[in-house]
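Worksheet for the structure shown next.
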Amino acid sequence: MTTGPDSILPAWSEPFHATGGPGAAKVLHLPGAVDRGWAYGDGSGRGVRVAIVDSGIDADHPAVGRVAEYVAIERDDRTDSGLRLDPGPHADLYGHGTACAAIVRELAPEVELVSVRVLGENLKGSAGAFAEGVEWCIRNGIDIINLSMSTASDRWAEPFWELVDMANYHHVLLVAAMNNEPRRTIPSEFAGVFSVACAPGTDRERVWSNPRGPAEWGAAGIDVDVAWLGGGTIRTTGNSFAAPVVAGHLARIRATHPGITTWQAKTVLGQLATNTPTG
Amino acid sequence: MHNVAVPAARPLARQLAEIADSLGPVVAPIDQRRQLHDLCALVRTATGAVSVSIARLDGDELWYEAADGRGGAEVVGLRLPTSRGIAGYVARTGQSLVVDRVEADPRFARDVAERVGYVPDSLLVVPVTDQGDEVLGVISVLDRTTGAGDPLAVASAAARVAAPVLAVASAIGRLGPLLVRAIAEAVEADEPQLATALRRLASTVPETDAEMAEFAAVLAEVRLLPPAAQHTIGRILRDSITLATPRRRW
């Protein structure tokens with residue numbers, strides 16, 4: 001363990017904290033090296049549309065900057081799905097979405113942030129709203145989706161399987177946090193997403209690869225400072241805050257290599273992982 | 001002397017007493033509160049926390065059912081909306097949340113800390129969920145210190161223990177009014193059998209309440225069987241619950 005006695009280790013993060021970490025990343029011996037310069041370009045993430053499917057984004061927070069587009073999933077009993085999509089600016093209800101957005105902005109300052117709020121008033125069965133939000137992203141030209149939420153309910157496995165496949169064939173990169181607790185974690189346990197748990201340290205430039213899954217990627221998420229409501233920051237722990245680190249790295253890659261697919265991007269990110277053997 | 005509805009009312013009263021006997025150990029609210037309080041105390045010891053509370057989700061509100069530690073007496077009985085705050089986020093999403101330096105979240109400070117008269121530095125909140133991952137409530141751990149185990153793992157384990165208690169609390173909350181309505185209807189209709197009245201009621205109420213009315217009717221019938229048969233039915237019920245519990249893939 002590399003964490004202190006009072007630190008919390010969210011579930012699924014254990015492989016990154018075991019002696020020797022998750023082992024060596026799987027390296028593909030390409031004719032030329034994949035380095036950060038080739039993969040990330042100028043590191044700006046310019047023009048990449050990153051959706052934060054969460055509690056909303058506070059665009060007034062100094063660490064967030066401009067939000068390019070908003071959509072809120074709201075309850076509406078008059079529709080077949082019981083849901084309705086509201087475009088137009090909205091607030092962050094809790095702070096969680098603002099935290100995720102600011103992490104992406106920190107790593108890729110020129111991305112276009114899109115707030116997809118799925119935690120509106122009177123929404124029952126939150127997994128249905130997550131799914132609706134992810135589907136909206138796939139159909140509306142989003143490059144990268146950050147979903148720092150999951151469901152443990154078996155009945156949502158199939159709808160999310162379909163959405164993950166749909167995202168892949170639309171070349172949308174779906175980043176999903178593993179649950180903080182040791183239970184089913186849908187869709188993050190599926191192989192077609194970038195599933196993320198907490199790795200050691202607080203340096204957001206580092207990403208670990210765990211080839212054995214189901215938490216395939218590790219990033220900073222323990223005792224990290226994140227943006228929150230009211231323009232300030234809080235210190236927090238959770239796989240939720242590791243996922244947007246991976247989304248930020250992917251934004252750099254996607255800006256430099258437009259249209260890169262999930263499997264191509266996994267290969268590139270794996271070559272750059274902190275635990276990639278050198279020499 | 002008038003002879004008004006007595007023939008129907010007497011057997012009904014007897015049947016009601018029998019149902020109350022059957023449900024006895026689970027309906028007594030004081031036992032539930034004690035169970036939840038004991039769980040809070042256990043989590044507090046294991047995490048070295050200053051205070052631990054358990055709230056039940058009722059619609060868009062969290063009802064604080066039990067607490068142990070500083071501010072505990074003030075927090076029990078509190079009802080707070082899930083539309084804000086860290087516990088609200090956890091209740092609405094089913095995702096746990098660990099926040100240190102809580103005072104940096106202005107909504108938390110205003111809604112909870114001021115009413116309770118105690119402002120924590122850190123807060124760990126886990127959801128209590130049923131087998132379908134529906135949120136039943138939340139467990140909040142305030143100002144953990146170095147305890148005996150990983151506080152997130154301890155609180156999650158406690159949430160699994162709290163789940164059936166909160167589920168029963170919700171179910172009983174719906175069952176009581178149903179029984180009273182059934183008796184009123186039965187007396188009015190001169191109906192000597194409570195089970196029949198409950199079944200008739202079950203056809204007129206929302207689905208979840210209908211299930212509870214049907215369940216009460218079955219319990220009324222089971223109560224009339226010999227002890228050996230009651231024992232067998234209890235065993236089959238427990239096996240059925242085990243079989244119906246989904247297994248994890250990982």
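Within each chain, counting starts at residue 1; across the structure tokens, chains are named A, B, ... in the order shown, with ligands numbered 1 upward in that order.
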
- Pull out every residue of chain A sitting within 9 Å of chain B, counting only C-alpha atoms, and send them as a PyMOL selection string. chain A and resi 5-11+55+93-96+119-127+149-155+179-184+214+223+228-230+232-238+240

Using N, CA and C atoms, can you export the residues from the last selection as a compact mmCIF listing (two decimals), in the first residue's frame?
# COMPACT_ATOMS: atom_id res chain seq x y z
N PRO A 5 -2.53 5.77 6.48
CA PRO A 5 -3.47 4.97 7.27
C PRO A 5 -4.91 5.48 7.21
N ASP A 6 -5.07 6.78 6.97
CA ASP A 6 -6.41 7.35 6.95
C ASP A 6 -6.99 7.39 5.53
N SER A 7 -6.18 6.99 4.55
CA SER A 7 -6.66 7.07 3.18
C SER A 7 -7.62 5.94 2.87
N ILE A 8 -8.50 6.22 1.95
CA ILE A 8 -9.49 5.27 1.52
C ILE A 8 -9.05 4.68 0.20
N LEU A 9 -9.28 3.40 0.02
CA LEU A 9 -8.98 2.78 -1.27
C LEU A 9 -10.29 2.31 -1.88
N PRO A 10 -10.79 3.06 -2.88
CA PRO A 10 -12.05 2.64 -3.50
C PRO A 10 -11.91 1.24 -4.11
N ALA A 11 -13.00 0.51 -4.15
CA ALA A 11 -13.00 -0.83 -4.73
C ALA A 11 -12.47 -0.77 -6.15
N SER A 55 -23.99 15.82 -12.83
CA SER A 55 -24.95 16.66 -12.10
C SER A 55 -25.08 18.06 -12.69
N LEU A 93 -26.16 20.87 -9.75
CA LEU A 93 -26.97 20.71 -8.54
C LEU A 93 -26.12 20.36 -7.31
N TYR A 94 -24.99 19.69 -7.54
CA TYR A 94 -24.24 19.17 -6.40
C TYR A 94 -22.76 19.57 -6.37
N GLY A 95 -22.14 19.74 -7.54
CA GLY A 95 -20.70 20.04 -7.58
C GLY A 95 -19.90 18.94 -8.26
N HIS A 96 -20.46 17.74 -8.33
CA HIS A 96 -19.74 16.58 -8.85
C HIS A 96 -19.38 16.75 -10.33
N LEU A 119 -29.33 14.33 -13.40
CA LEU A 119 -29.78 14.22 -12.00
C LEU A 119 -30.82 15.28 -11.66
N GLY A 120 -31.76 15.49 -12.56
CA GLY A 120 -32.76 16.52 -12.33
C GLY A 120 -33.75 16.17 -11.24
N GLU A 121 -34.67 17.11 -10.97
CA GLU A 121 -35.70 16.91 -9.96
C GLU A 121 -36.58 15.72 -10.32
N ASN A 122 -36.94 14.95 -9.31
CA ASN A 122 -37.95 13.89 -9.45
C ASN A 122 -37.58 12.79 -10.44
N LEU A 123 -36.30 12.66 -10.77
CA LEU A 123 -35.91 11.57 -11.67
C LEU A 123 -35.85 10.28 -10.86
N LYS A 124 -36.63 9.31 -11.27
CA LYS A 124 -36.63 8.03 -10.58
C LYS A 124 -35.83 7.03 -11.40
N GLY A 125 -35.13 6.14 -10.75
CA GLY A 125 -34.36 5.14 -11.48
C GLY A 125 -33.27 5.82 -12.28
N SER A 126 -32.23 6.26 -11.59
CA SER A 126 -31.23 7.12 -12.22
C SER A 126 -30.53 6.44 -13.39
N ALA A 127 -30.42 5.09 -13.39
CA ALA A 127 -29.71 4.40 -14.47
C ALA A 127 -30.35 4.70 -15.83
N MET A 149 -20.31 7.54 -13.14
CA MET A 149 -21.41 6.89 -12.43
C MET A 149 -21.60 5.50 -13.02
N SER A 150 -22.23 4.63 -12.24
CA SER A 150 -22.50 3.29 -12.75
C SER A 150 -23.73 2.75 -12.03
N THR A 151 -24.26 1.65 -12.53
CA THR A 151 -25.36 0.98 -11.84
C THR A 151 -24.95 -0.46 -11.56
N ALA A 152 -25.49 -1.03 -10.48
CA ALA A 152 -25.23 -2.43 -10.15
C ALA A 152 -26.41 -3.30 -10.56
N SER A 153 -27.41 -2.69 -11.19
CA SER A 153 -28.64 -3.42 -11.48
C SER A 153 -28.49 -4.28 -12.75
N ASP A 154 -28.69 -5.60 -12.59
CA ASP A 154 -28.55 -6.54 -13.72
C ASP A 154 -29.43 -6.15 -14.90
N ARG A 155 -30.60 -5.58 -14.61
CA ARG A 155 -31.52 -5.33 -15.71
C ARG A 155 -31.04 -4.23 -16.65
N ASN A 179 -17.38 1.51 -9.89
CA ASN A 179 -18.04 1.84 -8.63
C ASN A 179 -16.99 1.86 -7.51
N ASN A 180 -17.22 2.67 -6.49
CA ASN A 180 -16.29 2.71 -5.35
C ASN A 180 -16.44 1.49 -4.46
N GLU A 181 -17.47 0.69 -4.72
CA GLU A 181 -17.73 -0.46 -3.88
C GLU A 181 -17.63 -1.74 -4.69
N PRO A 182 -17.32 -2.86 -4.03
CA PRO A 182 -17.07 -4.11 -4.76
C PRO A 182 -18.36 -4.79 -5.20
N ARG A 183 -19.02 -4.24 -6.20
CA ARG A 183 -20.23 -4.86 -6.72
C ARG A 183 -20.27 -4.64 -8.23
N ARG A 184 -21.30 -5.14 -8.90
CA ARG A 184 -21.39 -4.96 -10.33
C ARG A 184 -21.30 -3.48 -10.66
N PRO A 214 -11.10 -5.86 -14.45
CA PRO A 214 -12.00 -5.04 -15.27
C PRO A 214 -11.77 -3.53 -15.12
N ASP A 223 -7.49 11.43 -2.28
CA ASP A 223 -7.07 12.69 -1.63
C ASP A 223 -6.69 13.75 -2.66
N TRP A 228 -15.49 22.65 -6.99
CA TRP A 228 -16.82 22.30 -6.43
C TRP A 228 -17.72 23.53 -6.54
N LEU A 229 -18.88 23.48 -5.95
CA LEU A 229 -19.79 24.61 -6.03
C LEU A 229 -19.21 25.84 -5.33
N GLY A 230 -19.68 27.01 -5.76
CA GLY A 230 -19.29 28.24 -5.08
C GLY A 230 -17.92 28.74 -5.48
N GLY A 232 -15.03 27.31 -5.32
CA GLY A 232 -13.89 26.80 -4.55
C GLY A 232 -13.51 25.38 -4.91
N THR A 233 -12.75 24.77 -4.04
CA THR A 233 -12.35 23.38 -4.24
C THR A 233 -12.61 22.59 -2.97
N ILE A 234 -12.70 21.27 -3.11
CA ILE A 234 -12.75 20.38 -1.95
C ILE A 234 -11.73 19.28 -2.17
N ARG A 235 -11.35 18.59 -1.10
CA ARG A 235 -10.47 17.43 -1.23
C ARG A 235 -11.35 16.20 -1.12
N THR A 236 -11.15 15.26 -2.02
CA THR A 236 -12.06 14.12 -2.10
C THR A 236 -11.33 12.87 -2.57
N THR A 237 -12.03 11.74 -2.51
CA THR A 237 -11.50 10.44 -2.94
C THR A 237 -12.59 9.70 -3.68
N GLY A 238 -12.26 9.12 -4.81
CA GLY A 238 -13.24 8.29 -5.51
C GLY A 238 -12.82 8.02 -6.95
N SER A 240 -14.67 8.27 -9.32
CA SER A 240 -15.31 9.34 -10.10
C SER A 240 -14.32 10.37 -10.60

- Task: Can you pull out every residue within 6 Å of region 259-275 of chain A, counting only C-alpha atoms, but drop anything in the same chain fewer than 2 positions away, and send it as a ChimeraX atom specification?
- Result: /A:24-25,27,171,173,206-209,257

Output the selection as a short mmCIF file (atom, residue, chain, number, x, y, z; two decimals), in the first residue's frame - N, CA and C atoms for each residue.
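This went into again-v7.cif:
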data_model
loop_
_atom_site.label_atom_id
_atom_site.label_comp_id
_atom_site.auth_asym_id
_atom_site.auth_seq_id
_atom_site.Cartn_x
_atom_site.Cartn_y
_atom_site.Cartn_z
N ALA A 24 3.21 -5.24 -15.84
CA ALA A 24 3.63 -4.39 -16.96
C ALA A 24 2.47 -4.20 -17.93
N ALA A 25 2.39 -2.99 -18.49
CA ALA A 25 1.42 -2.75 -19.55
C ALA A 25 1.79 -3.60 -20.76
N VAL A 27 2.73 -4.03 -24.33
CA VAL A 27 3.33 -3.11 -25.31
C VAL A 27 3.30 -3.74 -26.68
N HIS A 171 -17.49 5.60 -33.14
CA HIS A 171 -16.16 6.15 -32.82
C HIS A 171 -16.23 7.20 -31.72
N LEU A 173 -15.51 7.75 -27.75
CA LEU A 173 -14.74 7.13 -26.68
C LEU A 173 -15.51 7.30 -25.36
N ARG A 206 -0.08 11.18 -14.96
CA ARG A 206 0.22 9.75 -14.98
C ARG A 206 -1.04 8.92 -15.15
N VAL A 207 -0.95 7.92 -16.05
CA VAL A 207 -2.05 6.98 -16.26
C VAL A 207 -1.46 5.56 -16.25
N TRP A 208 -2.11 4.67 -15.51
CA TRP A 208 -1.66 3.27 -15.45
C TRP A 208 -2.53 2.39 -16.34
N SER A 209 -1.94 1.33 -16.87
CA SER A 209 -2.71 0.35 -17.64
C SER A 209 -2.75 -0.95 -16.86
N HIS A 257 -5.22 13.16 -33.33
CA HIS A 257 -5.55 12.07 -34.25
C HIS A 257 -7.08 11.99 -34.36
#

- Task: Record the distance separating CA of Pro87 (chain A) and CA of Ile73 (chain A), expressed in Å with one decimal.
- Result: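 We find that CA of Pro87 (chain A) and CA of Ile73 (chain A) lie 9.0 Å from each other.
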